[in-house]
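For reference, model-v4.cif is printed below; it contains mmCIF, C-alpha atoms and all ligand atoms.
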data_final
loop_
_atom_site.label_atom_id
_atom_site.label_comp_id
_atom_site.auth_asym_id
_atom_site.auth_seq_id
_atom_site.Cartn_x
_atom_site.Cartn_y
_atom_site.Cartn_z
CA MET N 1013 11.64 -17.04 -26.38
CA LYS N 1014 12.15 -13.31 -26.06
CA ARG N 1015 15.04 -12.12 -23.90
CA LEU N 1016 15.84 -8.69 -22.48
CA VAL N 1017 19.17 -8.03 -20.79
CA ILE N 1018 19.62 -4.81 -18.82
CA THR N 1019 23.18 -3.98 -17.79
CA ASN N 1020 24.90 -1.13 -15.98
CA ALA N 1021 21.93 -0.57 -13.65
CA ASN N 1022 22.09 1.08 -10.24
CA LEU N 1023 19.50 -1.31 -8.84
CA TYR N 1024 17.29 -0.67 -5.79
CA THR N 1025 14.52 -3.08 -4.85
CA PRO N 1026 12.61 -4.40 -1.85
CA ARG N 1027 12.68 -8.19 -1.58
CA GLY N 1028 10.16 -10.94 -0.99
CA CYS N 1029 6.64 -12.07 -1.80
CA GLN N 1030 4.77 -10.36 1.00
CA ALA N 1031 4.38 -6.90 2.49
CA LEU N 1032 7.36 -5.61 4.46
CA LYS N 1033 6.57 -4.31 7.93
CA GLY N 1034 8.20 -1.67 10.11
CA ALA N 1035 11.98 -1.36 9.86
CA ASP N 1036 12.12 -3.93 7.03
CA MET N 1037 10.44 -1.38 4.76
CA GLY N 1038 13.68 0.61 4.61
CA ASN N 1039 15.86 -2.39 3.88
CA LEU N 1040 16.33 -2.40 0.10
CA LEU N 1041 18.64 -4.56 -1.96
CA HIS N 1042 21.11 -2.19 -3.66
CA ILE N 1043 23.45 -3.45 -6.40
CA PRO N 1044 25.41 -0.53 -7.90
CA GLN N 1045 26.52 -2.31 -11.12
CA ALA N 1046 23.63 -4.67 -11.74
CA ALA N 1047 22.39 -6.80 -14.60
CA ILE N 1048 18.84 -8.11 -15.00
CA VAL N 1049 17.89 -10.92 -17.37
CA VAL N 1050 14.27 -11.22 -18.48
CA GLU N 1051 12.78 -14.07 -20.50
CA ASP N 1052 9.25 -13.92 -21.89
CA GLY N 1053 8.33 -11.12 -19.50
CA VAL N 1054 9.62 -12.82 -16.36
CA ILE N 1055 12.82 -11.93 -14.47
CA VAL N 1056 15.15 -14.95 -14.51
CA TRP N 1057 18.39 -13.53 -13.12
CA VAL N 1058 19.48 -10.48 -11.09
CA GLY N 1059 22.98 -9.75 -9.82
CA SER N 1060 26.24 -7.91 -10.38
CA ASP N 1061 27.16 -7.24 -14.01
CA SER N 1062 30.44 -9.04 -13.46
CA GLU N 1063 28.69 -12.23 -12.28
CA MET N 1064 26.16 -12.52 -15.07
CA PRO N 1065 26.09 -16.13 -16.32
CA MET N 1066 26.75 -17.00 -19.98
CA LEU N 1067 23.39 -16.86 -21.75
CA ASP N 1068 22.53 -19.70 -24.12
CA ASP N 1069 21.38 -19.13 -27.70
CA SER N 1070 17.78 -20.27 -27.19
CA ALA N 1071 16.32 -16.76 -27.57
CA ASP N 1072 14.44 -15.96 -30.80
CA GLU N 1073 14.81 -12.30 -30.04
CA GLU N 1074 17.33 -10.64 -27.75
CA ILE N 1075 17.48 -7.00 -26.67
CA TYR N 1076 20.40 -5.52 -24.73
CA MET N 1077 19.87 -2.28 -22.80
CA ASP N 1078 22.54 -0.21 -21.14
CA ALA N 1079 20.94 1.57 -18.16
CA LEU N 1080 23.83 4.09 -18.18
CA GLY N 1081 24.35 3.72 -14.43
CA ARG N 1082 20.91 5.17 -13.71
CA ALA N 1083 18.71 4.15 -10.78
CA VAL N 1084 16.60 1.11 -11.68
CA ILE N 1085 13.55 0.26 -9.53
CA PRO N 1086 10.39 -1.89 -9.72
CA GLY N 1087 7.32 -0.50 -11.52
CA PHE N 1088 4.96 1.44 -9.27
CA VAL N 1089 1.77 -0.23 -8.04
CA ASP N 1090 -1.07 2.25 -7.48
CA SER N 1091 -3.28 0.11 -5.26
CA HIS N 1092 -6.17 2.56 -4.69
CA THR N 1093 -7.89 4.54 -7.47
CA HIS N 1094 -11.37 5.43 -8.65
CA LEU N 1095 -10.36 5.94 -12.28
CA VAL N 1096 -13.72 5.14 -13.86
CA PHE N 1097 -16.19 7.99 -13.32
CA GLY N 1098 -18.55 10.40 -15.04
CA GLY N 1099 -18.25 14.19 -15.08
CA TYR N 1100 -15.94 16.32 -12.95
CA ARG N 1101 -16.44 18.33 -9.73
CA PRO N 1102 -14.30 21.49 -9.96
CA GLU N 1103 -17.05 23.58 -8.31
CA GLU N 1104 -16.76 21.52 -5.11
CA PHE N 1105 -13.03 22.11 -5.09
CA GLY N 1106 -13.76 25.85 -5.27
CA TRP N 1107 -16.29 25.61 -2.41
CA ARG N 1108 -13.75 23.78 -0.26
CA LEU N 1109 -11.16 26.48 -0.94
CA LYS N 1110 -13.67 28.90 0.58
CA GLY N 1111 -14.08 26.78 3.74
CA ASP N 1112 -16.75 24.21 2.86
CA THR N 1113 -16.02 20.64 3.96
CA TYR N 1114 -16.02 17.36 2.05
CA MET N 1115 -18.67 15.81 4.31
CA SER N 1116 -21.02 18.82 4.34
CA ILE N 1117 -21.01 18.88 0.51
CA MET N 1118 -21.77 15.15 0.54
CA GLU N 1119 -24.59 15.59 3.07
CA ARG N 1120 -26.17 18.26 0.82
CA GLY N 1121 -26.41 15.68 -2.00
CA GLY N 1122 -23.21 16.67 -3.80
CA GLY N 1123 -19.95 14.78 -3.57
CA ILE N 1124 -20.08 11.12 -4.54
CA GLN N 1125 -23.80 11.38 -5.46
CA SER N 1126 -23.02 14.07 -8.01
CA THR N 1127 -20.52 11.76 -9.75
CA VAL N 1128 -23.08 8.94 -9.47
CA ASN N 1129 -25.62 11.04 -11.41
CA ALA N 1130 -23.06 11.63 -14.17
CA THR N 1131 -21.84 8.02 -14.25
CA ARG N 1132 -25.30 6.44 -14.51
CA SER N 1133 -25.78 8.02 -17.95
CA MET N 1134 -22.49 6.68 -19.36
CA THR N 1135 -22.13 3.73 -21.69
CA GLU N 1136 -19.49 1.07 -21.08
CA ASP N 1137 -17.53 2.35 -24.09
CA GLU N 1138 -17.52 5.89 -22.70
CA MET N 1139 -16.27 4.61 -19.35
CA VAL N 1140 -13.42 2.70 -20.99
CA GLU N 1141 -12.43 5.61 -23.21
CA LYS N 1142 -12.35 8.13 -20.36
CA ALA N 1143 -10.41 5.81 -18.02
CA GLU N 1144 -7.83 5.03 -20.71
CA TRP N 1145 -6.60 8.62 -20.67
CA PHE N 1146 -5.86 8.41 -16.93
CA ILE N 1147 -4.15 5.05 -17.28
CA GLU N 1148 -1.89 6.43 -20.03
CA GLU N 1149 -0.95 9.40 -17.84
CA MET N 1150 -0.17 7.09 -14.93
CA SER N 1151 1.87 4.80 -17.12
CA ARG N 1152 4.13 7.71 -18.03
CA MET N 1153 4.82 8.18 -14.30
CA GLY N 1154 5.92 4.55 -14.01
CA VAL N 1155 2.73 2.85 -12.86
CA THR N 1156 2.71 -0.73 -14.15
CA THR N 1157 -0.25 -2.00 -12.08
CA VAL N 1158 -3.28 -0.02 -11.00
CA GLU N 1159 -6.32 -0.94 -8.93
CA ALA N 1160 -9.67 0.48 -10.09
CA LYS N 1161 -12.93 0.59 -8.16
CA SER N 1162 -16.58 0.73 -9.14
CA GLY N 1163 -18.70 2.77 -6.73
CA TYR N 1164 -20.19 5.54 -8.86
CA GLY N 1165 -23.24 3.52 -9.93
CA LEU N 1166 -24.81 2.54 -6.61
CA ASP N 1167 -27.40 0.61 -8.59
CA THR N 1168 -26.90 -2.90 -9.89
CA ASP N 1169 -26.77 -2.02 -13.60
CA THR N 1170 -24.29 0.81 -13.35
CA GLU N 1171 -22.05 -0.95 -10.83
CA LEU N 1172 -21.83 -3.95 -13.18
CA ARG N 1173 -21.25 -1.67 -16.19
CA MET N 1174 -18.35 -0.06 -14.33
CA LEU N 1175 -16.91 -3.49 -13.48
CA ARG N 1176 -17.22 -4.63 -17.09
CA ALA N 1177 -15.42 -1.46 -18.21
CA ILE N 1178 -12.66 -2.19 -15.68
CA ARG N 1179 -12.42 -5.77 -16.96
CA ARG N 1180 -12.00 -4.48 -20.52
CA LEU N 1181 -9.16 -2.25 -19.33
CA ALA N 1182 -7.65 -5.26 -17.53
CA VAL N 1183 -7.73 -7.74 -20.39
CA ASP N 1184 -6.59 -5.42 -23.21
CA PRO N 1185 -3.39 -7.14 -24.43
CA ASP N 1186 -2.00 -3.87 -25.85
CA ARG N 1187 -2.08 -2.13 -22.52
CA SER N 1188 1.16 -1.99 -20.54
CA VAL N 1189 -0.60 -1.37 -17.22
CA ASP N 1190 -2.18 -4.31 -15.38
CA VAL N 1191 -5.53 -3.54 -13.73
CA ALA N 1192 -7.03 -5.07 -10.54
CA ALA N 1193 -10.79 -4.73 -10.04
CA THR N 1194 -12.62 -3.76 -6.84
CA PHE N 1195 -16.38 -3.66 -6.25
CA LEU N 1196 -17.33 -0.57 -4.21
CA GLY N 1197 -21.13 -0.66 -4.27
CA ALA N 1198 -20.92 0.60 -0.67
CA HIS N 1199 -19.26 3.88 -1.61
CA ALA N 1200 -22.27 5.93 -0.41
CA VAL N 1201 -25.97 5.44 0.27
CA PRO N 1202 -27.67 6.55 -2.98
CA GLU N 1203 -30.34 9.27 -2.92
CA GLU N 1204 -33.18 6.77 -3.48
CA TYR N 1205 -32.17 4.85 -0.31
CA LYS N 1206 -31.69 7.94 1.89
CA GLY N 1207 -32.47 7.00 5.51
CA ARG N 1208 -32.62 3.28 4.56
CA THR N 1209 -28.97 2.31 4.81
CA ALA N 1210 -29.64 -1.23 6.06
CA GLU N 1211 -31.95 -1.88 3.09
CA TYR N 1212 -29.28 -0.65 0.69
CA VAL N 1213 -26.71 -2.95 2.33
CA SER N 1214 -29.17 -5.83 1.85
CA LEU N 1215 -29.51 -4.93 -1.84
CA ILE N 1216 -25.73 -5.03 -2.20
CA ILE N 1217 -25.50 -8.40 -0.44
CA ASP N 1218 -28.46 -10.06 -2.16
CA GLU N 1219 -28.23 -8.64 -5.67
CA MET N 1220 -24.98 -6.83 -6.44
CA LEU N 1221 -22.34 -9.04 -4.82
CA PRO N 1222 -23.42 -12.30 -6.51
CA LYS N 1223 -23.34 -10.53 -9.90
CA ALA N 1224 -20.02 -8.80 -9.17
CA LYS N 1225 -18.35 -12.14 -8.38
CA GLY N 1226 -16.12 -13.04 -11.31
CA LEU N 1227 -15.82 -9.39 -12.33
CA ALA N 1228 -14.18 -8.04 -9.18
CA GLU N 1229 -11.55 -9.62 -6.96
CA PHE N 1230 -12.02 -7.24 -4.02
CA CYS N 1231 -14.96 -5.77 -2.13
CA ASP N 1232 -14.42 -2.33 -0.60
CA ILE N 1233 -16.60 -0.02 1.55
CA PHE N 1234 -16.54 3.62 2.70
CA THR N 1235 -16.74 3.02 6.46
CA GLU N 1236 -17.44 6.45 7.90
CA LYS N 1237 -19.69 8.24 10.37
CA ASN N 1238 -23.04 8.97 8.66
CA VAL N 1239 -22.12 6.80 5.65
CA PHE N 1240 -21.63 3.09 6.47
CA GLU N 1241 -20.96 2.75 10.18
CA LEU N 1242 -19.32 -0.25 11.81
CA ASP N 1243 -22.38 -2.54 12.01
CA ASP N 1244 -23.31 -2.09 8.34
CA SER N 1245 -19.67 -2.46 7.35
CA ARG N 1246 -19.25 -5.68 9.30
CA ARG N 1247 -22.44 -7.15 7.82
CA LEU N 1248 -21.46 -6.33 4.25
CA LEU N 1249 -17.81 -7.33 4.50
CA ALA N 1250 -18.58 -10.61 6.28
CA ALA N 1251 -21.03 -11.50 3.48
CA ALA N 1252 -18.50 -10.53 0.79
CA LYS N 1253 -15.82 -12.63 2.49
CA GLU N 1254 -18.20 -15.57 2.62
CA MET N 1255 -18.70 -15.23 -1.16
CA GLY N 1256 -14.94 -15.32 -1.74
CA PHE N 1257 -14.11 -11.64 -2.16
CA LYS N 1258 -10.90 -10.28 -0.67
CA LEU N 1259 -11.65 -7.24 1.47
CA LYS N 1260 -10.57 -3.62 1.38
CA MET N 1261 -11.83 -0.68 3.44
CA HIS N 1262 -11.88 3.11 3.31
CA ALA N 1263 -11.21 3.40 7.04
CA ASP N 1264 -10.83 6.22 9.57
CA GLU N 1265 -10.64 8.86 6.84
CA ILE N 1266 -12.70 11.65 8.39
CA VAL N 1267 -13.31 10.50 11.98
CA PRO N 1268 -11.72 7.71 14.08
CA LEU N 1269 -14.52 5.15 13.89
CA GLY N 1270 -12.53 1.95 14.47
CA GLY N 1271 -12.28 1.03 10.79
CA ALA N 1272 -8.68 -0.16 11.07
CA GLU N 1273 -9.62 -2.49 13.93
CA LEU N 1274 -12.49 -3.95 11.90
CA ALA N 1275 -10.25 -4.40 8.83
CA VAL N 1276 -7.77 -6.44 10.88
CA GLU N 1277 -10.55 -8.42 12.58
CA LEU N 1278 -11.96 -9.45 9.19
CA GLY N 1279 -8.54 -10.15 7.63
CA ALA N 1280 -8.87 -7.40 4.98
CA VAL N 1281 -5.95 -7.16 2.55
CA SER N 1282 -5.83 -3.43 3.16
CA ALA N 1283 -7.26 -0.60 5.25
CA ASP N 1284 -6.98 2.66 3.34
CA HIS N 1285 -6.74 6.39 4.25
CA LEU N 1286 -6.32 6.07 8.07
CA LEU N 1287 -5.83 9.82 8.57
CA HIS N 1288 -7.51 9.48 11.96
CA VAL N 1289 -6.50 5.95 12.92
CA SER N 1290 -6.45 5.36 16.69
CA ASP N 1291 -3.43 4.09 18.63
CA GLU N 1292 -5.30 0.83 19.14
CA GLY N 1293 -5.89 0.63 15.37
CA ILE N 1294 -2.16 1.08 14.77
CA ARG N 1295 -1.34 -1.66 17.31
CA ARG N 1296 -3.75 -4.09 15.62
CA LEU N 1297 -2.45 -3.28 12.13
CA ALA N 1298 1.11 -3.89 13.33
CA LYS N 1299 0.13 -7.32 14.68
CA GLY N 1300 -2.10 -8.35 11.79
CA SER N 1301 -1.59 -8.95 8.08
CA THR N 1302 -3.66 -6.00 6.77
CA VAL N 1303 -1.66 -3.46 4.75
CA ALA N 1304 -2.14 0.18 5.81
CA THR N 1305 -2.57 2.06 2.54
CA LEU N 1306 -1.96 5.77 2.94
CA LEU N 1307 -3.18 8.32 0.39
CA PRO N 1308 -1.30 11.60 0.96
CA LEU N 1309 -2.70 13.33 -2.13
CA THR N 1310 -6.19 13.15 -0.60
CA ALA N 1311 -5.08 14.65 2.71
CA PHE N 1312 -3.26 17.36 0.76
CA ALA N 1313 -6.23 18.18 -1.50
CA LEU N 1314 -8.68 18.19 1.45
CA LYS N 1315 -6.28 20.21 3.62
CA GLU N 1316 -6.46 17.44 6.25
CA PRO N 1317 -3.55 16.26 8.41
CA PHE N 1318 -1.51 13.48 6.81
CA ALA N 1319 -1.85 9.92 8.10
CA PRO N 1320 0.71 9.16 10.85
CA ALA N 1321 3.03 7.15 8.60
CA ARG N 1322 6.14 7.48 10.78
CA LYS N 1323 4.28 6.36 13.88
CA MET N 1324 2.78 3.42 11.98
CA ILE N 1325 6.08 2.22 10.54
CA ASP N 1326 7.80 2.62 13.90
CA ALA N 1327 5.00 0.55 15.45
CA GLY N 1328 5.65 -2.23 12.91
CA CYS N 1329 2.85 -1.71 10.36
CA ALA N 1330 3.15 -2.55 6.65
CA VAL N 1331 2.51 0.77 4.90
CA ALA N 1332 1.62 1.17 1.21
CA LEU N 1333 1.13 4.44 -0.65
CA ALA N 1334 -1.39 5.04 -3.43
CA THR N 1335 -2.94 8.03 -5.22
CA ASP N 1336 -6.73 7.65 -4.63
CA LEU N 1337 -7.28 9.32 -8.02
CA ASN N 1338 -10.97 10.35 -8.06
CA PRO N 1339 -13.02 13.33 -9.27
CA GLY N 1340 -13.89 14.55 -5.76
CA SER N 1341 -11.58 14.36 -2.77
CA CYS N 1342 -8.41 13.94 -4.83
CA PHE N 1343 -8.28 14.75 -8.52
CA SER N 1344 -4.67 13.68 -8.92
CA GLY N 1345 -2.91 10.50 -9.93
CA SER N 1346 0.51 12.01 -9.41
CA ILE N 1347 3.05 9.46 -8.23
CA PRO N 1348 5.83 12.11 -8.07
CA LEU N 1349 3.76 14.31 -5.76
CA THR N 1350 2.80 11.28 -3.63
CA ILE N 1351 6.51 10.55 -3.19
CA ALA N 1352 7.32 14.16 -2.29
CA LEU N 1353 4.51 14.40 0.29
CA ALA N 1354 5.46 11.06 1.88
CA CYS N 1355 9.09 12.09 2.25
CA ILE N 1356 8.61 15.76 3.15
CA TYR N 1357 5.51 15.67 5.34
CA MET N 1358 5.00 12.09 6.50
CA GLY N 1359 8.52 11.39 7.71
CA MET N 1360 9.05 8.42 5.40
CA SER N 1361 12.53 7.72 4.04
CA VAL N 1362 13.05 7.37 0.29
CA GLU N 1363 13.62 3.63 0.79
CA GLU N 1364 10.38 3.20 2.77
CA THR N 1365 8.50 5.25 0.18
CA LEU N 1366 9.81 3.03 -2.60
CA THR N 1367 8.74 -0.13 -0.76
CA ALA N 1368 5.32 1.43 -0.07
CA LEU N 1369 4.77 2.13 -3.78
CA THR N 1370 6.04 -1.22 -5.05
CA LEU N 1371 6.07 -4.40 -2.95
CA ASN N 1372 3.63 -3.18 -0.29
CA GLY N 1373 1.31 -1.77 -2.97
CA ALA N 1374 1.42 -5.18 -4.62
CA ALA N 1375 0.57 -6.84 -1.28
CA ALA N 1376 -2.38 -4.44 -0.89
CA ILE N 1377 -3.89 -6.06 -4.01
CA GLY N 1378 -2.77 -9.59 -3.17
CA ARG N 1379 -0.11 -9.69 -5.90
CA ALA N 1380 3.16 -9.55 -3.94
CA ASP N 1381 4.08 -13.01 -5.19
CA LYS N 1382 4.06 -11.77 -8.81
CA ILE N 1383 5.04 -8.08 -8.85
CA GLY N 1384 6.52 -5.33 -6.67
CA SER N 1385 10.21 -6.26 -6.70
CA ILE N 1386 13.03 -7.03 -9.12
CA GLU N 1387 13.75 -10.66 -8.31
CA PRO N 1388 13.82 -13.93 -10.25
CA GLY N 1389 10.30 -15.27 -10.78
CA LYS N 1390 8.60 -11.88 -10.72
CA GLN N 1391 6.95 -10.20 -13.70
CA ALA N 1392 9.46 -7.83 -15.34
CA ASP N 1393 7.94 -4.45 -14.42
CA ILE N 1394 11.01 -2.23 -14.24
CA LEU N 1395 11.68 1.52 -14.31
CA ILE N 1396 14.86 3.34 -15.31
CA LEU N 1397 15.06 6.81 -13.76
CA HIS N 1398 16.65 9.93 -15.22
CA PHE N 1399 19.12 10.15 -12.31
CA ASP N 1400 21.56 7.68 -10.83
CA SER N 1401 20.18 7.76 -7.28
CA ILE N 1402 16.72 7.12 -5.83
CA ASP N 1403 17.24 10.30 -3.78
CA SER N 1404 16.14 12.15 -6.93
CA LEU N 1405 12.61 10.77 -6.46
CA PRO N 1406 11.53 13.32 -3.78
CA TYR N 1407 14.31 15.84 -4.50
CA TYR N 1408 12.93 16.70 -7.93
CA VAL N 1409 9.70 17.78 -6.24
CA GLY N 1410 6.54 16.66 -7.96
CA MET N 1411 8.37 16.06 -11.27
CA ASN N 1412 8.44 12.81 -13.17
CA THR N 1413 11.91 11.28 -13.08
CA VAL N 1414 10.98 8.05 -14.91
CA ASP N 1415 12.81 7.82 -18.25
CA CYS N 1416 11.98 4.29 -19.28
CA VAL N 1417 9.11 1.97 -18.42
CA ILE N 1418 9.50 -1.77 -18.95
CA ALA N 1419 6.17 -3.53 -18.44
CA ARG N 1420 5.90 -7.34 -18.55
CA GLY N 1421 9.37 -7.33 -20.13
CA GLU N 1422 8.33 -5.03 -22.99
CA VAL N 1423 10.22 -1.77 -23.30
CA ASP N 1424 7.42 0.77 -23.41
CA SER N 1425 9.39 3.99 -23.73
CA VAL N 1426 13.06 4.46 -24.40
CA ILE N 1427 15.67 5.92 -22.11
CA ASN N 1428 16.94 9.41 -22.96
CA ASP N 1429 20.68 9.84 -22.89
O1 LIG N 1501 -11.30 7.66 -1.27
N1 LIG N 1501 -13.99 8.71 0.68
C1 LIG N 1501 -14.56 8.10 -0.16
N2 LIG N 1501 -14.19 7.86 -1.41
C2 LIG N 1501 -13.22 8.59 -2.15
C3 LIG N 1501 -13.73 9.90 -2.64
C4 LIG N 1501 -14.70 9.73 -3.72
C5 LIG N 1501 -15.29 11.00 -4.23
O2 LIG N 1501 -15.30 12.04 -3.55
O3 LIG N 1501 -15.78 10.93 -5.37
C6 LIG N 1501 -11.94 8.68 -1.37
O4 LIG N 1501 -11.52 9.75 -0.88
FE FE N 1502 -10.82 6.10 -2.31
#

Turn this file's structure into structure tokens for me.
Amino acid sequence: MKRLVITNANLYTPRGCQALKGADMGNLLHIPQAAIVVEDGVIVWVGSDSEMPMLDDSADEEIYMDALGRAVIPGFVDSHTHLVFGGYRPEEFGWRLKGDTYMSIMERGGGIQSTVNATRSMTEDEMVEKAEWFIEEMSRMGVTTVEAKSGYGLDTDTELRMLRAIRRLAVDPDRSVDVAATFLGAHAVPEEYKGRTAEYVSLIIDEMLPKAKGLAEFCDIFTEKNVFELDDSRRLLAAAKEMGFKLKMHADEIVPLGGAELAVELGAVSADHLLHVSDEGIRRLAKGSTVATLLPLTAFALKEPFAPARKMIDAGCAVALATDLNPGSCFSGSIPLTIALACIYMGMSVEETLTALTLNGAAAIGRADKIGSIEPGKQADILILHFDSIDSLPYYVGMNTVDCVIARGEVDSVIND
């Protein structure tokens, strides 16, 4: 057995095996002089240094780490990304800076369709190689689990190729970042189905979903005016649920369509974006078990108002934060900037932000029983920061304050002193 003992940690962690809602999001466990014992990648003991039990001599290998009094937190869970894609779209970014809008570019055949054209010509190897670079970058910022979506194929072959690439990223034993797979065949209506949305939804249900089963755990959809409206979304998600997929939704991103309400009605694990969520949507999310995943980098990059995080938490919702890394609306996987935007512009406290990026992110991909907090029984995904307080997370604006990443109990990078 392999043992890792971390001492002298200023530990902050949310607690539990499910998403925290409302005021509970700010209620972290804080142990100023903490020790953490990890055996074979799993946390077996957490408490005050002074109360650490005598450890037996059953370990074949034992590593002791002094955290030097620094802040120690759970690994970040980025529960919404599109990190497999072809090409880039800097020209659209330029057009938007001059006043163009995301939806008008999409309606002209650019946007998602432009990435689809580039992705269809990629091999599985090329997809894996390109995505690896983003995963490495995210790992340096403390991400220990990332969700990745298909959705740039919009035909059966390419969607499945994307999912196989994501599976290769997920099963690579050398990788320190765990990967959760989502099928997003309903990301847009492809050019060849223009004006025939219902037929495309039927193709997804009859052909793509059965083949995606076993490759993807979640089924997601871009529910939006002039993309997949509520009826199409309900039909697709109900079929996916029937086939055993867990559900996710891009909901109420551009206009308030009632996506949040539908997500709760169908028992989705998460409803994401929610920039324009209605008051009724907030009430339903607060009552239900769907995690509200907010993506501030997208709002920032699109110059849209941020999602009403404060209002949602005060109403009792479970809020997660994620990056939405993608080549169009949000070409950023920056966890530090996500933290800064949440704290500075969305009225979230540092504690709530931490919960949103760890335990609630884990719940948004159905893994809160395994990851997202530093507690006995959980996988040992642990970060040591450069500073002794979690207040440094938003204070050092947009800068990476993670010094050491421990993923599945393996020390990935070493603390600077
Ligand atoms: O989450 N809104 C839909 N999907 C992505 C954007 C994808 C793209 O523009 O390529 C999003 O913002
Ligand atoms: Fe997205």

List as JSON, numbers by chain the protein and nucleic acid residues lying within 6 Å of ligand LIG 1501 (chain N), with all atoms listed in the file counted. {"N": [1123, 1124, 1234, 1336, 1338, 1339, 1340, 1341]}

Neighbours of Thr1209 in chain N within 10 Å (all atoms listed in the file; same-chain residues fewer than 6 positions away dropped), as a list of chain:residue names? N:Ala1198, N:Ala1200, N:Val1201, N:Pro1202, N:Leu1215, N:Asn1238, N:Val1239, N:Phe1240, N:Glu1241, N:Asp1244

Give the residues close to ligand FE 1502 (chain N), within 7 Å, counting all atoms listed in the file; write them as a ChimeraX atom specification. /N:1092-1094,1262,1336

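Between CA of Ser1245 in chain N and CA of Ala1224 in chain N there is a distance of 17.7 Å.
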
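Counting all atoms listed in the file, the residue from N:Gly1410, N:Gly1384, N:Gly1378, N:Gly1270 that sits nearest to Ala1193 in chain N is N:Gly1378.
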
Can you pull out every residue within 10 Å of Phe1146 in chain N, counting only C-alpha atoms, but drop anything in the same chain fewer than 2 positions away, and send it as an MDAnalysis selection string? chainID N and resid 1095:1096 1141:1144 1148:1151 1337 1344:1345

Any idea what the distance is between CA of Val1281 in chain N and CA of Ala1251 in chain N? 15.7 Å

What is the CA of Leu1181 in chain N to CA of Phe1097 in chain N distance in Å? 13.8 Å

Go through range 1373-1426 of chain N residue by residue and, counting all atoms listed in the file, keep those with an atom at most 12 Å from range 1359-1363 of chain N; for each kept residue give the shortest atom pair and its distance in Å to one decimal, ordered by chain and increasing number, as JSON lines.
{"residue": "N:Ser1401", "atom": "CA", "partner": "N:Val1362", "partner_atom": "CA", "distance": 10.4}
{"residue": "N:Ile1402", "atom": "CA", "partner": "N:Val1362", "partner_atom": "CA", "distance": 7.1}
{"residue": "N:Asp1403", "atom": "CA", "partner": "N:Val1362", "partner_atom": "CA", "distance": 6.5}
{"residue": "N:Ser1404", "atom": "CA", "partner": "N:Val1362", "partner_atom": "CA", "distance": 9.2}
{"residue": "N:Leu1405", "atom": "CA", "partner": "N:Val1362", "partner_atom": "CA", "distance": 7.6}
{"residue": "N:Pro1406", "atom": "CA", "partner": "N:Val1362", "partner_atom": "CA", "distance": 7.4}
{"residue": "N:Tyr1407", "atom": "CA", "partner": "N:Val1362", "partner_atom": "CA", "distance": 9.8}

What's the 12 Å shell around Ala1250 in chain N, counting only C-alpha atoms, without same-chain residues fewer than 3 positions away, as a compact mmCIF listing (two decimals) with C-alpha atoms, in the coordinates of the input?
# COMPACT_ATOMS: atom_id res chain seq x y z
CA VAL N 1213 -26.71 -2.95 2.33
CA ILE N 1217 -25.50 -8.40 -0.44
CA LEU N 1221 -22.34 -9.04 -4.82
CA CYS N 1231 -14.96 -5.77 -2.13
CA ASP N 1232 -14.42 -2.33 -0.60
CA ILE N 1233 -16.60 -0.02 1.55
CA LEU N 1242 -19.32 -0.25 11.81
CA ASP N 1243 -22.38 -2.54 12.01
CA ASP N 1244 -23.31 -2.09 8.34
CA SER N 1245 -19.67 -2.46 7.35
CA ARG N 1246 -19.25 -5.68 9.30
CA ARG N 1247 -22.44 -7.15 7.82
CA LYS N 1253 -15.82 -12.63 2.49
CA GLU N 1254 -18.20 -15.57 2.62
CA MET N 1255 -18.70 -15.23 -1.16
CA GLY N 1256 -14.94 -15.32 -1.74
CA PHE N 1257 -14.11 -11.64 -2.16
CA LYS N 1258 -10.90 -10.28 -0.67
CA LEU N 1259 -11.65 -7.24 1.47
CA LYS N 1260 -10.57 -3.62 1.38
CA LEU N 1274 -12.49 -3.95 11.90
CA ALA N 1275 -10.25 -4.40 8.83
CA GLU N 1277 -10.55 -8.42 12.58
CA LEU N 1278 -11.96 -9.45 9.19
CA GLY N 1279 -8.54 -10.15 7.63
CA ALA N 1280 -8.87 -7.40 4.98

The residues within 10 Å of (-19.6, 2.6, -7.1), using all atoms listed in the file and the coordinates of the file, should be reported as number ranges by chain; which are they? N: 1094, 1096-1097, 1124-1125, 1127-1128, 1131, 1161-1168, 1170-1172, 1174-1175, 1194-1200, 1202, 1232-1233

Please identify all polymer residues within 10 Å of Arg1179 in chain N, counting all atoms listed in the file, omitting same-chain residues fewer than 4 positions from it, and present them as a compact mmCIF listing (two decimals) with C-alpha atoms, in the frame of the given file.
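Contents of around-v4.txt, freshly written:
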# COMPACT_ATOMS: atom_id res chain seq x y z
CA VAL N 1140 -13.42 2.70 -20.99
CA ALA N 1160 -9.67 0.48 -10.09
CA ARG N 1173 -21.25 -1.67 -16.19
CA MET N 1174 -18.35 -0.06 -14.33
CA LEU N 1175 -16.91 -3.49 -13.48
CA VAL N 1183 -7.73 -7.74 -20.39
CA ASP N 1184 -6.59 -5.42 -23.21
CA VAL N 1191 -5.53 -3.54 -13.73
CA ALA N 1192 -7.03 -5.07 -10.54
CA ALA N 1193 -10.79 -4.73 -10.04
CA GLY N 1226 -16.12 -13.04 -11.31
CA LEU N 1227 -15.82 -9.39 -12.33
CA ALA N 1228 -14.18 -8.04 -9.18

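With all atoms listed in the file as the atoms that count, the residue of N:Glu1203, N:Glu1104, N:Glu1051, N:Asp1112 with the shortest distance to Cys1342 in chain N is N:Glu1104.
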
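Nearest residue to Met1153 in chain N, choosing from N:Ala1031, N:Val1089, N:Met1220, N:Met1077 and counting only C-alpha atoms: N:Val1089.
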